[in-house]
Protein chains: 2
Amino acid sequence: MTGSLGSGPEARALLRDRLVAAGHQIDSGLPGIYGRSAAYEAVAMGIIEAARARVEPGADPVRWYFPPLMSRETFERTDYLESFPNLTGVVDVFDGGDAEHAELLATRESGADWAGRLTPSQATLVPATCHNVYRHFTGVLPAPVRLDALGTCFRHEPSADPMRMVTFRIHEEIYLGTEDGALDHRDRWLAITRELMTDLGLVVEVDVANDPFFGRAGRILARGQREDALKFEVLTHVYDDAPTAIASGNAHRTHFGVNFGITLPDGEPAHSSCSGIGVERTANALFARHGMDLGSWPAQVRTLLGV
Amino acid sequence: MTGSLGSGPEARALLRDRLVAAGHQIDSGLPGIYGRSAAYEAVAMGIIEAARARVEPGADPVRWYFPPLMSRETFERTDYLESFPNLTGVVDVFDGGDAEHAELLATRESGADWAGRLTPSQATLVPATCHNVYRHFTGVLPAPVRLDALGTCFRHEPSADPMRMVTFRIHEEIYLGTEDGALDHRDRWLAITRELMTDLGLVVEVDVANDPFFGRAGRILARGQREDALKFEVLTHVYDDAPTAIASGNAHRTHFGVNFGITLPDGEPAHSSCSGIGVERTANALFARHGMDLGSWPAQVRTLLGV
């Protein structure tokens, strides 16, 4: 275990510098977009496998892997644009011919923004792993569904804090079914995740939380989410001044059930919940806690991660 | 080994249907963007590990992992926009406040394209894994560099052919150094890759190739690349009518050395080359060849892949 990183911007810069000096974080030139070392990737995969190993015996959920892009049609059905426009990413592409290409290059040559000549495509960046999933369950659910999913996600919140990334992976345990089942799933996986993080040597707390809903209307949504205790976060003190969320559990009520037309056998919209681990946030927290050299990590932690 | 898929659009649809029915390909609603099964992911990781196992003993290259996004500044330095504008992707984001958000949602409500109200960010999708790498070697190279890199790439070429994806991974062995060293690296890894694919049960050929340079000027660039035998592809007949490239080796001459200011100790620009494996293309070719059930694959192939 290494010493405290301290507080404020200096603490964020210190963690960043240590990750970069050890080769675990490879800068792209943009904040929040980082390459990773082989040791870092081994830790990342180890976190995911350690979480999966804690699924109850016999549950054997379907396991899906998702790429960083999804269709705009699916994206729109999640209402993400209403709640988190500032975090959204749409892929712009070029669909011209030789003449338009010449104009594109001339625009660039002139110093103006050539990307303004591109056209929005039907692909968006994926905001959360579970958003890939719901479209596959439109219709009547004969029985509750449990899914284990890993996906690459995007949130446009560039930051000098290495804990806050623009592109990163979220591992999720997702449930679709009844209201009680959804709450039970969230609470069970929150407990499992809290225990896993503790076993990995992190000091964590679980607290009620809200998603960062946008704007004036968003403040009301955030307050309602807290009052109804729908979202909880697993937090750890990477820095002294404020804890950082490394995992969360979220009950969505019938939000996705209604929007994607997923119903229970009685015709009511399905409830859903998910429990997600921020893979790179957790890895960063482990490097901050145990040091940049995997070889000096506690044996129990290395065994749990298989590194 | 399963029977031939045949030719034409039917063959492409047949492979797609088989991958989907087996659960290995999970549709996103957009062509070229697919989720994957756990078995598929195990094959994908097995391909990468099998390639890495063939590095010469003691070479021990640095191993880097890259996310799907890179900075526009780096992207521009590769000249990708000149040569492949049609494959390019830039991330559009929303940077307004409450009023602009209301306008964004009103635009969407009206049926017009709300994404037209977004702003290009400084992030682009990554076209090729090695493009992440060069910026880290600006300056004088004291000795040649070998890198093993895995990255998520983007090419805007949506297609009903499941072999042609919009988002996918490329595993690359990258070299930076002398002209002879670059050609030797490319040729050695082409031979290694060809042998690996053969050992995996694929019938492959290696042929000179060209990148899909855009437009009228692109035809001249493509011809020059072929005449100078800079690029080779490892091809396999997934379909009867035309082979598909699953890997390639590319000598870049001093293109990246010049554009990224990478020089040899004598002051001359560095040469570079890379040998890349299309991870999902190779996995698809294996499923097409050996069938959708991993359990029935030849023992030698399963051993090589560790599945």
# chains A, B, ... in the order shown; residues from 1 in each chain; ligands from 1
$ select_by_dssp --residues "segment 48-157 of chain A" --states "helix (DSSP H, G or I)" --output "VMD selection string"
chain A and resid 48 to 52 72 to 77 80 to 83 85 to 87 98 to 109 114 to 117 129 to 132 134 to 137
$ interface_residues --of "chain B" --to "chain A" --cutoff "6 Å" --atoms "only C-alpha atoms" --output "list in words"
Leu30, Gly35, Arg36, Ser37, Ala38, Arg63, Trp64, Tyr65, Phe66, Ser71, Asn86, Thr88, Gly89, Val90, Val91, Asp92, Val93, Phe94, Asp98 and Gly215 of chain B
$ residues_around --residues "Ala22 of chain A" --least-positions-apart "6" --cutoff "10 Å" --atoms "only C-alpha atoms" --output "PDB file with N, CA, C and O atoms, in the first residue's frame"
ATOM      1  N   SER A  37      -1.013  -0.314 -20.502  1.00  0.00           N
ATOM      2  CA  SER A  37       0.037  -1.328 -20.531  1.00  0.00           C
ATOM      3  C   SER A  37      -0.572  -2.730 -20.451  1.00  0.00           C
ATOM      4  O   SER A  37      -1.742  -2.901 -20.113  1.00  0.00           O
ATOM      5  N   GLY A 291       0.182   0.597  -5.461  1.00  0.00           N
ATOM      6  CA  GLY A 291       1.427   0.992  -6.114  1.00  0.00           C
ATOM      7  C   GLY A 291       1.463   0.593  -7.574  1.00  0.00           C
ATOM      8  O   GLY A 291       0.647  -0.193  -8.048  1.00  0.00           O
ATOM      9  N   MET A 292       2.424   1.150  -8.295  1.00  0.00           N
ATOM     10  CA  MET A 292       2.483   0.988  -9.743  1.00  0.00           C
ATOM     11  C   MET A 292       3.115  -0.336 -10.168  1.00  0.00           C
ATOM     12  O   MET A 292       3.003  -0.739 -11.322  1.00  0.00           O
ATOM     13  N   ASP A 293       3.773  -1.018  -9.231  1.00  0.00           N
ATOM     14  CA  ASP A 293       4.450  -2.274  -9.565  1.00  0.00           C
ATOM     15  C   ASP A 293       3.608  -3.456  -9.084  1.00  0.00           C
ATOM     16  O   ASP A 293       3.513  -3.720  -7.883  1.00  0.00           O
TER      17      ASP A 293
END
$ closest_atom_pairs --of "segment 204-274 of chain A" --to "segment 137-141 of chain A" --cutoff "10 Å" --atoms "only C-alpha atoms" --output "CSV"
residue,atom,partner,partner_atom,distance
A:Phe256,CA,A:Thr138,CA,9.9
A:Gly257,CA,A:Thr138,CA,8.2
A:Val258,CA,A:Thr138,CA,9.6
A:Asn259,CA,A:Thr138,CA,9.3
A:Phe260,CA,A:Thr138,CA,5.6
A:Gly261,CA,A:Thr138,CA,5.1
A:Ile262,CA,A:Thr138,CA,4.6
A:Thr263,CA,A:Val140,CA,4.8
A:Leu264,CA,A:Leu141,CA,5.3
A:Pro265,CA,A:Val140,CA,6.1
A:Asp266,CA,A:Val140,CA,9.0
A:Gly267,CA,A:Val140,CA,7.6
A:Glu268,CA,A:Val140,CA,9.4
A:Pro269,CA,A:Val140,CA,9.0
A:Ala270,CA,A:Leu141,CA,7.9
$ write_last_selection --atoms "all heavy atoms" --output "mmCIF file, in the first residue's frame"
data_model
loop_
_atom_site.group_PDB
_atom_site.id
_atom_site.type_symbol
_atom_site.label_atom_id
_atom_site.label_comp_id
_atom_site.auth_asym_id
_atom_site.auth_seq_id
_atom_site.Cartn_x
_atom_site.Cartn_y
_atom_site.Cartn_z
ATOM 1 N N PHE A 256 -36.804 1.306 -19.094
ATOM 2 C CA PHE A 256 -36.404 0.599 -20.315
ATOM 3 C C PHE A 256 -37.495 -0.375 -20.771
ATOM 4 O O PHE A 256 -37.669 -0.596 -21.965
ATOM 5 C CB PHE A 256 -35.068 -0.113 -20.103
ATOM 6 C CG PHE A 256 -33.930 0.843 -19.875
ATOM 7 C CD1 PHE A 256 -33.285 0.920 -18.644
ATOM 8 C CD2 PHE A 256 -33.507 1.691 -20.885
ATOM 9 C CE1 PHE A 256 -32.244 1.815 -18.428
ATOM 10 C CE2 PHE A 256 -32.465 2.596 -20.688
ATOM 11 C CZ PHE A 256 -31.832 2.658 -19.447
ATOM 12 N N GLY A 257 -38.212 -0.940 -19.806
ATOM 13 C CA GLY A 257 -39.313 -1.830 -20.161
ATOM 14 C C GLY A 257 -40.348 -1.127 -21.028
ATOM 15 O O GLY A 257 -40.791 -1.661 -22.054
ATOM 16 N N VAL A 258 -40.704 0.103 -20.644
ATOM 17 C CA VAL A 258 -41.674 0.880 -21.418
ATOM 18 C C VAL A 258 -41.069 1.298 -22.757
ATOM 19 O O VAL A 258 -41.658 1.100 -23.820
ATOM 20 C CB VAL A 258 -42.131 2.122 -20.615
ATOM 21 C CG1 VAL A 258 -42.883 3.103 -21.510
ATOM 22 C CG2 VAL A 258 -42.984 1.695 -19.426
ATOM 23 N N ASN A 259 -39.862 1.871 -22.709
ATOM 24 C CA ASN A 259 -39.282 2.438 -23.933
ATOM 25 C C ASN A 259 -38.951 1.376 -24.978
ATOM 26 O O ASN A 259 -38.942 1.658 -26.176
ATOM 27 C CB ASN A 259 -38.025 3.245 -23.601
ATOM 28 C CG ASN A 259 -38.360 4.572 -22.946
ATOM 29 O OD1 ASN A 259 -39.463 4.764 -22.452
ATOM 30 N ND2 ASN A 259 -37.415 5.493 -22.951
ATOM 31 N N PHE A 260 -38.643 0.167 -24.545
ATOM 32 C CA PHE A 260 -38.297 -0.895 -25.496
ATOM 33 C C PHE A 260 -39.419 -1.939 -25.633
ATOM 34 O O PHE A 260 -39.219 -2.973 -26.257
ATOM 35 C CB PHE A 260 -36.971 -1.569 -25.094
ATOM 36 C CG PHE A 260 -35.773 -0.705 -25.384
ATOM 37 C CD1 PHE A 260 -35.314 0.214 -24.443
ATOM 38 C CD2 PHE A 260 -35.126 -0.785 -26.610
ATOM 39 C CE1 PHE A 260 -34.219 1.032 -24.720
ATOM 40 C CE2 PHE A 260 -34.034 0.021 -26.894
ATOM 41 C CZ PHE A 260 -33.578 0.934 -25.947
ATOM 42 N N GLY A 261 -40.577 -1.648 -25.033
ATOM 43 C CA GLY A 261 -41.709 -2.566 -25.210
ATOM 44 C C GLY A 261 -41.447 -3.957 -24.665
ATOM 45 O O GLY A 261 -41.770 -4.956 -25.303
ATOM 46 N N ILE A 262 -40.836 -4.017 -23.483
ATOM 47 C CA ILE A 262 -40.559 -5.312 -22.850
ATOM 48 C C ILE A 262 -41.615 -5.510 -21.764
ATOM 49 O O ILE A 262 -41.744 -4.678 -20.857
ATOM 50 C CB ILE A 262 -39.152 -5.327 -22.205
ATOM 51 C CG1 ILE A 262 -38.112 -4.854 -23.220
ATOM 52 C CG2 ILE A 262 -38.821 -6.717 -21.667
ATOM 53 C CD1 ILE A 262 -36.757 -4.513 -22.584
ATOM 54 N N THR A 263 -42.378 -6.591 -21.865
ATOM 55 C CA THR A 263 -43.472 -6.779 -20.908
ATOM 56 C C THR A 263 -43.350 -8.123 -20.200
ATOM 57 O O THR A 263 -42.725 -9.059 -20.684
ATOM 58 C CB THR A 263 -44.849 -6.714 -21.603
ATOM 59 O OG1 THR A 263 -44.885 -7.711 -22.630
ATOM 60 C CG2 THR A 263 -45.093 -5.348 -22.221
ATOM 61 N N LEU A 264 -43.987 -8.157 -19.021
ATOM 62 C CA LEU A 264 -44.097 -9.403 -18.269
ATOM 63 C C LEU A 264 -45.287 -10.196 -18.813
ATOM 64 O O LEU A 264 -46.103 -9.640 -19.567
ATOM 65 C CB LEU A 264 -44.275 -9.071 -16.778
ATOM 66 C CG LEU A 264 -43.115 -8.279 -16.166
ATOM 67 C CD1 LEU A 264 -43.440 -7.888 -14.730
ATOM 68 C CD2 LEU A 264 -41.822 -9.083 -16.237
ATOM 69 N N PRO A 265 -45.370 -11.470 -18.460
ATOM 70 C CA PRO A 265 -46.496 -12.282 -18.970
ATOM 71 C C PRO A 265 -47.866 -11.681 -18.660
ATOM 72 O O PRO A 265 -48.816 -11.887 -19.408
ATOM 73 C CB PRO A 265 -46.296 -13.631 -18.263
ATOM 74 C CG PRO A 265 -44.829 -13.705 -18.012
ATOM 75 C CD PRO A 265 -44.402 -12.289 -17.705
ATOM 76 N N ASP A 266 -47.976 -10.888 -17.564
ATOM 77 C CA ASP A 266 -49.279 -10.278 -17.243
ATOM 78 C C ASP A 266 -49.536 -8.999 -18.037
ATOM 79 O O ASP A 266 -50.535 -8.322 -17.806
ATOM 80 C CB ASP A 266 -49.376 -9.999 -15.730
ATOM 81 C CG ASP A 266 -48.365 -8.952 -15.248
ATOM 82 O OD1 ASP A 266 -47.663 -8.347 -16.102
ATOM 83 O OD2 ASP A 266 -48.251 -8.737 -14.022
ATOM 84 N N GLY A 267 -48.635 -8.663 -18.961
ATOM 85 C CA GLY A 267 -48.853 -7.499 -19.806
ATOM 86 C C GLY A 267 -48.263 -6.215 -19.256
ATOM 87 O O GLY A 267 -48.210 -5.200 -19.948
ATOM 88 N N GLU A 268 -47.826 -6.225 -18.009
ATOM 89 C CA GLU A 268 -47.212 -5.027 -17.417
ATOM 90 C C GLU A 268 -45.787 -4.860 -17.953
ATOM 91 O O GLU A 268 -45.123 -5.846 -18.272
ATOM 92 C CB GLU A 268 -47.168 -5.169 -15.886
ATOM 93 C CG GLU A 268 -48.536 -5.110 -15.227
ATOM 94 C CD GLU A 268 -49.215 -3.761 -15.443
ATOM 95 O OE1 GLU A 268 -48.596 -2.725 -15.138
ATOM 96 O OE2 GLU A 268 -50.355 -3.757 -15.952
ATOM 97 N N PRO A 269 -45.309 -3.601 -18.036
ATOM 98 C CA PRO A 269 -43.922 -3.400 -18.485
ATOM 99 C C PRO A 269 -42.923 -4.012 -17.506
ATOM 100 O O PRO A 269 -43.145 -3.975 -16.284
ATOM 101 C CB PRO A 269 -43.773 -1.881 -18.557
ATOM 102 C CG PRO A 269 -44.924 -1.317 -17.817
ATOM 103 C CD PRO A 269 -46.016 -2.336 -17.802
ATOM 104 N N ALA A 270 -41.861 -4.562 -18.030
ATOM 105 C CA ALA A 270 -40.828 -5.176 -17.200
ATOM 106 C C ALA A 270 -40.047 -4.109 -16.453
ATOM 107 O O ALA A 270 -39.861 -2.990 -16.939
ATOM 108 C CB ALA A 270 -39.878 -5.996 -18.073
#
$ residues_around --residues "segment 172-184 of chain B" --least-positions-apart "4" --cutoff "6 Å" --atoms "only C-alpha atoms" --output "PyMOL selection string"
chain B and resi 144-149+188+270-276
